[in-house]
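Participant: Right, I'll just put the structure down here and ask away after.
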Amino acid sequence: MATKEGNATCCTPSAWELQQEDHESYSPSGIDTIVGSEKAPVYYIESLSASNKAIVIFPDIYGFSSRLRKIADTLAAKGFHVMLLDCFHGDTAEGKPDLLAWLTKFPHESILQDINAGLEFLLTKGVKEGEVSAIGFCWGGWAIAKSASEGISWKSGVSPHPSTKLEKFAFGMDEELMFSKVSMPFLLMPAGEDPDILKPGSSVVKKLEEAGGASVPFESMRHGWVSRGDLSIPDVKENIEKALAQMLEFIEKQY
């Protein structure tokens with residue numbers, strides 16, 4: 001498992017680590033397959049009702065967990081084709097002593113290649129071009145913002161506890177400049193300890209608001225609470241459920 005010190009490069013020092021329960025077996029409703037010439041792993045579940053819209057989910061640095069598969073299955077029951085996209089190709093941050101060095105192995109060029117392959121796959125499943133939203137946890141928030149700034153036309157985006165600071169810390173680029181190129185409705189859901197640039201009143205959030213986006217902070221939560229928070233803690237569980245409900249509501253409003 002990544003150390004707290006290494007994890008801080010992507011997340012915050014007190015961020016949640018992956019819970020043991022998220023390693024436990026789960027009987028998912030979808031299928032595991034691969035997409036594109038680079039064979040990016042995906043978990044795909046078809047909408048449980050007739051639909052031409054989809055959601056792509058970008059995991060955090062711990063990859064596919066049972067919890068993320070459950071979230072994907074839940075969204076499919078709401079009328080979306082859902083794809084978990086593994087741009088780390090089976091690798092994760094667990095056991096990596098130098099997280100920054102590991103993260104830089106996955107630059108935006110390779111991420112874009114995997115995204116385009118995933119979008120092409122969704123088209124074969126009856127999804128209409130331009131009708132794909134994205135959800136990204138931690139690192140996944142950066143993947144959404146960066147891909148949108150590089151021309152991927154997401155219908156909308158949502159990111160609980162985004163780690164968009166990677167644009168600077170991992171890749172030496174300008175985080176605000178990246179956000180300035182994001183034109184779709186984008187909902188940020190920062191934890192209390194996440195950077196102020198992601199919270200209401202910042203220049204980044206003001207720009208997102210102009211495009212129909214917003215920032216809804218969860219000030220009492222630690223970074224990573226939605227994808228990795230301890231479900232046995234009532235307050236954490238309640239805020240996970242609240243965040244998931246707001247994510248779905250925001251995405252549905254864009255259709």
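Chain identifiers are assigned as A, B, and so on, following the order in which chains appear in the structure tokens; residues are numbered from 1 within each chain, and ligands are numbered from 1 in order of appearance.
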Check the DSSP output for the backbone and give back, as a compact mmCIF listing (two decimals) with C-alpha atoms, in the first residue's frame, the residues of range 73-237 of chain A in alpha helix (DSSP H).

Facilitator:
# COMPACT_ATOMS: atom_id res chain seq x y z
CA ASP A 73 -23.73 -1.34 -11.29
CA THR A 74 -25.88 1.18 -9.42
CA LEU A 75 -25.52 3.76 -12.21
CA ALA A 76 -26.43 1.17 -14.84
CA LEU A 99 4.32 7.48 -6.13
CA LEU A 100 5.33 10.50 -8.20
CA ALA A 101 7.63 8.41 -10.38
CA TRP A 102 4.87 5.86 -10.84
CA LEU A 103 2.25 8.47 -11.78
CA HIS A 108 -2.04 12.42 -20.77
CA GLU A 109 -1.11 11.10 -24.21
CA SER A 110 -1.61 7.50 -23.07
CA ILE A 111 -4.72 8.46 -21.11
CA LEU A 112 -6.27 10.04 -24.20
CA GLN A 113 -5.53 6.93 -26.24
CA ASP A 114 -7.35 4.76 -23.71
CA ILE A 115 -10.28 7.19 -23.48
CA ASN A 116 -10.75 7.26 -27.24
CA ALA A 117 -10.65 3.46 -27.33
CA GLY A 118 -13.26 3.34 -24.57
CA LEU A 119 -15.51 5.81 -26.36
CA GLU A 120 -15.29 3.79 -29.56
CA PHE A 121 -16.28 0.68 -27.60
CA LEU A 122 -19.31 2.46 -26.18
CA LEU A 123 -20.44 3.48 -29.66
CA TRP A 139 -6.53 10.97 -9.87
CA GLY A 140 -9.62 10.44 -12.01
CA GLY A 141 -10.57 14.09 -11.52
CA TRP A 142 -7.30 15.07 -13.17
CA ALA A 143 -7.96 12.59 -16.00
CA ILE A 144 -11.33 14.26 -16.69
CA ALA A 145 -10.02 17.82 -16.56
CA LYS A 146 -6.94 17.05 -18.62
CA SER A 147 -8.80 15.09 -21.27
CA ALA A 148 -11.45 17.82 -21.54
CA SER A 149 -8.73 20.44 -21.93
CA LEU A 166 -1.12 16.51 -10.40
CA GLU A 167 -1.08 18.74 -13.47
CA LYS A 168 1.65 20.73 -11.71
CA PHE A 169 3.21 18.32 -9.22
CA GLU A 175 -3.41 23.60 -13.24
CA GLU A 176 -5.42 26.80 -13.73
CA LEU A 177 -4.61 26.86 -17.43
CA MET A 178 -5.86 23.30 -17.73
CA PHE A 179 -9.14 24.22 -16.04
CA SER A 180 -9.53 27.28 -18.27
CA SER A 203 -10.99 31.72 -10.09
CA VAL A 204 -11.14 28.08 -11.24
CA VAL A 205 -14.60 27.48 -9.81
CA LYS A 206 -15.91 30.81 -11.12
CA LYS A 207 -14.86 29.73 -14.61
CA LEU A 208 -16.52 26.33 -14.16
CA GLU A 209 -19.72 28.01 -12.98
CA GLU A 210 -19.88 29.99 -16.22
CA TRP A 225 -13.98 9.41 1.44
CA VAL A 226 -16.27 8.40 -1.44
CA SER A 227 -14.07 5.72 -2.99
CA ARG A 228 -12.15 4.64 0.14
CA PRO A 234 -22.04 6.47 10.17
CA ASP A 235 -21.02 10.02 9.22
CA VAL A 236 -18.72 8.78 6.45
CA LYS A 237 -21.36 6.40 5.09

Participant: So that I can check the secondary structure, give me every residue of range 56-248 of chain A assigned strand (DSSP E) by backbone DSSP, as a ChimeraX atom specification.

Facilitator: /A:56-58,81-85,132-136,157-160,186-189,214-215

Participant: Just N, CA, C and O atoms for this one: save the residues we selected as an mmCIF file, in the first residue's frame.

Facilitator:
data_model
loop_
_atom_site.group_PDB
_atom_site.id
_atom_site.type_symbol
_atom_site.label_atom_id
_atom_site.label_comp_id
_atom_site.auth_asym_id
_atom_site.auth_seq_id
_atom_site.Cartn_x
_atom_site.Cartn_y
_atom_site.Cartn_z
ATOM 1 N N VAL A 56 -18.411 7.127 -18.098
ATOM 2 C CA VAL A 56 -17.089 6.524 -17.929
ATOM 3 C C VAL A 56 -16.583 6.891 -16.540
ATOM 4 O O VAL A 56 -16.605 8.063 -16.155
ATOM 5 N N ILE A 57 -16.148 5.894 -15.781
ATOM 6 C CA ILE A 57 -15.634 6.119 -14.435
ATOM 7 C C ILE A 57 -14.127 5.922 -14.429
ATOM 8 O O ILE A 57 -13.622 4.872 -14.863
ATOM 9 N N PHE A 58 -13.414 6.928 -13.943
ATOM 10 C CA PHE A 58 -11.970 6.833 -13.758
ATOM 11 C C PHE A 58 -11.691 6.557 -12.282
ATOM 12 O O PHE A 58 -12.099 7.341 -11.418
ATOM 13 N N HIS A 81 -25.273 3.206 -19.719
ATOM 14 C CA HIS A 81 -24.196 2.252 -19.934
ATOM 15 C C HIS A 81 -23.024 2.779 -19.099
ATOM 16 O O HIS A 81 -22.760 3.989 -19.095
ATOM 17 N N VAL A 82 -22.309 1.904 -18.424
ATOM 18 C CA VAL A 82 -21.244 2.363 -17.532
ATOM 19 C C VAL A 82 -19.962 1.595 -17.817
ATOM 20 O O VAL A 82 -19.974 0.364 -17.961
ATOM 21 N N MET A 83 -18.869 2.335 -17.876
ATOM 22 C CA MET A 83 -17.556 1.730 -18.097
ATOM 23 C C MET A 83 -16.560 2.236 -17.067
ATOM 24 O O MET A 83 -16.367 3.453 -16.919
ATOM 25 N N LEU A 84 -15.961 1.330 -16.335
ATOM 26 C CA LEU A 84 -14.791 1.641 -15.513
ATOM 27 C C LEU A 84 -13.583 1.486 -16.419
ATOM 28 O O LEU A 84 -13.394 0.417 -17.021
ATOM 29 N N LEU A 85 -12.782 2.521 -16.531
ATOM 30 C CA LEU A 85 -11.644 2.505 -17.454
ATOM 31 C C LEU A 85 -10.328 2.524 -16.677
ATOM 32 O O LEU A 85 -10.076 3.443 -15.888
ATOM 33 N N VAL A 132 -21.764 11.040 -23.466
ATOM 34 C CA VAL A 132 -20.985 10.327 -22.450
ATOM 35 C C VAL A 132 -20.482 11.302 -21.390
ATOM 36 O O VAL A 132 -19.774 12.270 -21.705
ATOM 37 N N SER A 133 -20.860 11.061 -20.161
ATOM 38 C CA SER A 133 -20.350 11.843 -19.029
ATOM 39 C C SER A 133 -19.215 11.083 -18.359
ATOM 40 O O SER A 133 -18.961 9.911 -18.673
ATOM 41 N N ALA A 134 -18.547 11.740 -17.429
ATOM 42 C CA ALA A 134 -17.404 11.113 -16.762
ATOM 43 C C ALA A 134 -17.446 11.388 -15.267
ATOM 44 O O ALA A 134 -17.829 12.477 -14.825
ATOM 45 N N ILE A 135 -17.044 10.383 -14.504
ATOM 46 C CA ILE A 135 -16.869 10.509 -13.062
ATOM 47 C C ILE A 135 -15.432 10.115 -12.749
ATOM 48 O O ILE A 135 -14.952 9.082 -13.226
ATOM 49 N N GLY A 136 -14.751 10.922 -11.963
ATOM 50 C CA GLY A 136 -13.368 10.602 -11.635
ATOM 51 C C GLY A 136 -13.076 10.815 -10.160
ATOM 52 O O GLY A 136 -13.378 11.876 -9.610
ATOM 53 N N GLY A 157 -18.979 16.278 -16.285
ATOM 54 C CA GLY A 157 -18.009 15.594 -15.453
ATOM 55 C C GLY A 157 -18.290 15.835 -13.988
ATOM 56 O O GLY A 157 -18.830 16.883 -13.616
ATOM 57 N N VAL A 158 -17.938 14.855 -13.165
ATOM 58 C CA VAL A 158 -18.063 14.981 -11.711
ATOM 59 C C VAL A 158 -16.820 14.382 -11.075
ATOM 60 O O VAL A 158 -16.376 13.303 -11.479
ATOM 61 N N SER A 159 -16.285 15.069 -10.070
ATOM 62 C CA SER A 159 -15.118 14.515 -9.395
ATOM 63 C C SER A 159 -15.178 14.737 -7.893
ATOM 64 O O SER A 159 -14.956 15.843 -7.408
ATOM 65 N N PRO A 160 -15.452 13.670 -7.136
ATOM 66 C CA PRO A 160 -15.295 13.746 -5.681
ATOM 67 C C PRO A 160 -13.797 13.749 -5.343
ATOM 68 O O PRO A 160 -13.015 13.034 -5.966
ATOM 69 N N PHE A 186 -18.947 20.830 -15.067
ATOM 70 C CA PHE A 186 -18.032 20.015 -14.278
ATOM 71 C C PHE A 186 -18.281 20.301 -12.801
ATOM 72 O O PHE A 186 -18.115 21.432 -12.338
ATOM 73 N N LEU A 187 -18.706 19.269 -12.077
ATOM 74 C CA LEU A 187 -18.975 19.389 -10.644
ATOM 75 C C LEU A 187 -17.797 18.857 -9.846
ATOM 76 O O LEU A 187 -17.444 17.683 -9.971
ATOM 77 N N LEU A 188 -17.212 19.721 -9.021
ATOM 78 C CA LEU A 188 -16.147 19.319 -8.103
ATOM 79 C C LEU A 188 -16.753 19.104 -6.719
ATOM 80 O O LEU A 188 -17.605 19.872 -6.284
ATOM 81 N N MET A 189 -16.283 18.079 -6.030
ATOM 82 C CA MET A 189 -16.767 17.778 -4.688
ATOM 83 C C MET A 189 -15.556 17.600 -3.768
ATOM 84 O O MET A 189 -15.237 16.480 -3.343
ATOM 85 N N ALA A 214 -19.911 23.563 -10.945
ATOM 86 C CA ALA A 214 -20.034 24.036 -9.569
ATOM 87 C C ALA A 214 -19.006 23.330 -8.697
ATOM 88 O O ALA A 214 -18.353 22.364 -9.120
ATOM 89 N N SER A 215 -18.879 23.823 -7.481
ATOM 90 C CA SER A 215 -18.090 23.151 -6.455
ATOM 91 C C SER A 215 -18.958 23.008 -5.218
ATOM 92 O O SER A 215 -19.528 23.988 -4.740
#

Participant: Looking at A:Gly90, A:Pro59, A:Gly95, A:Pro107, which one is nearest to Met173 in chain A, with distances taken over only C-alpha atoms?

Facilitator: A:Pro107

Participant: CA of Gly63 in chain A to CA of Phe88 in chain A: how many Å, to one decimal?

Facilitator: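 Straight-line distance from CA of Gly63 in chain A to CA of Phe88 in chain A works out to 7.5 Å.
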
Participant: Extract, using only C-alpha atoms, all DNA, RNA and protein residues at most 9 Å from Ala243 in chain A, discarding same-chain residues fewer than 2 positions from it, and format them as a tab-separated table (two decimals) with N, CA, C and O atoms, in the first residue's frame.

Facilitator:
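Output (selection_16.tsv):
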chain	number	residue	atom	x	y	z
A	160	PRO	N	-15.45	13.67	-7.14
A	160	PRO	CA	-15.30	13.75	-5.68
A	160	PRO	C	-13.80	13.75	-5.34
A	160	PRO	O	-13.02	13.03	-5.97
A	189	MET	N	-16.28	18.08	-6.03
A	189	MET	CA	-16.77	17.78	-4.69
A	189	MET	C	-15.56	17.60	-3.77
A	189	MET	O	-15.24	16.48	-3.34
A	218	PHE	N	-17.30	19.14	0.82
A	218	PHE	CA	-17.69	18.31	1.96
A	218	PHE	C	-16.63	18.55	3.03
A	218	PHE	O	-15.68	17.79	3.17
A	226	VAL	N	-15.26	9.09	-0.64
A	226	VAL	CA	-16.27	8.40	-1.44
A	226	VAL	C	-15.77	7.04	-1.91
A	226	VAL	O	-16.47	6.03	-1.79
A	238	GLU	N	-22.93	8.21	5.50
A	238	GLU	CA	-23.97	9.17	5.13
A	238	GLU	C	-23.47	10.14	4.06
A	238	GLU	O	-24.19	10.45	3.10
A	239	ASN	N	-22.23	10.59	4.20
A	239	ASN	CA	-21.70	11.54	3.22
A	239	ASN	C	-21.32	10.88	1.91
A	239	ASN	O	-21.32	11.54	0.86
A	240	ILE	N	-20.98	9.60	1.94
A	240	ILE	CA	-20.78	8.87	0.69
A	240	ILE	C	-22.10	8.81	-0.08
A	240	ILE	O	-22.15	9.10	-1.28
A	241	GLU	N	-23.15	8.42	0.61
A	241	GLU	CA	-24.46	8.32	-0.03
A	241	GLU	C	-24.93	9.67	-0.55
A	241	GLU	O	-25.50	9.78	-1.65
A	245	ALA	N	-25.57	10.58	-4.55
A	245	ALA	CA	-26.87	11.11	-4.99
A	245	ALA	C	-26.68	12.42	-5.76
A	245	ALA	O	-27.33	12.65	-6.80
A	246	GLN	N	-25.81	13.29	-5.28
A	246	GLN	CA	-25.58	14.56	-5.95
A	246	GLN	C	-24.87	14.37	-7.28
A	246	GLN	O	-25.13	15.10	-8.25
A	247	MET	N	-23.97	13.40	-7.35
A	247	MET	CA	-23.31	13.08	-8.61
A	247	MET	C	-24.33	12.70	-9.67
A	247	MET	O	-24.31	13.23	-10.79
A	248	LEU	N	-25.22	11.78	-9.33
A	248	LEU	CA	-26.21	11.31	-10.27
A	248	LEU	C	-27.17	12.43	-10.67
A	248	LEU	O	-27.49	12.60	-11.86
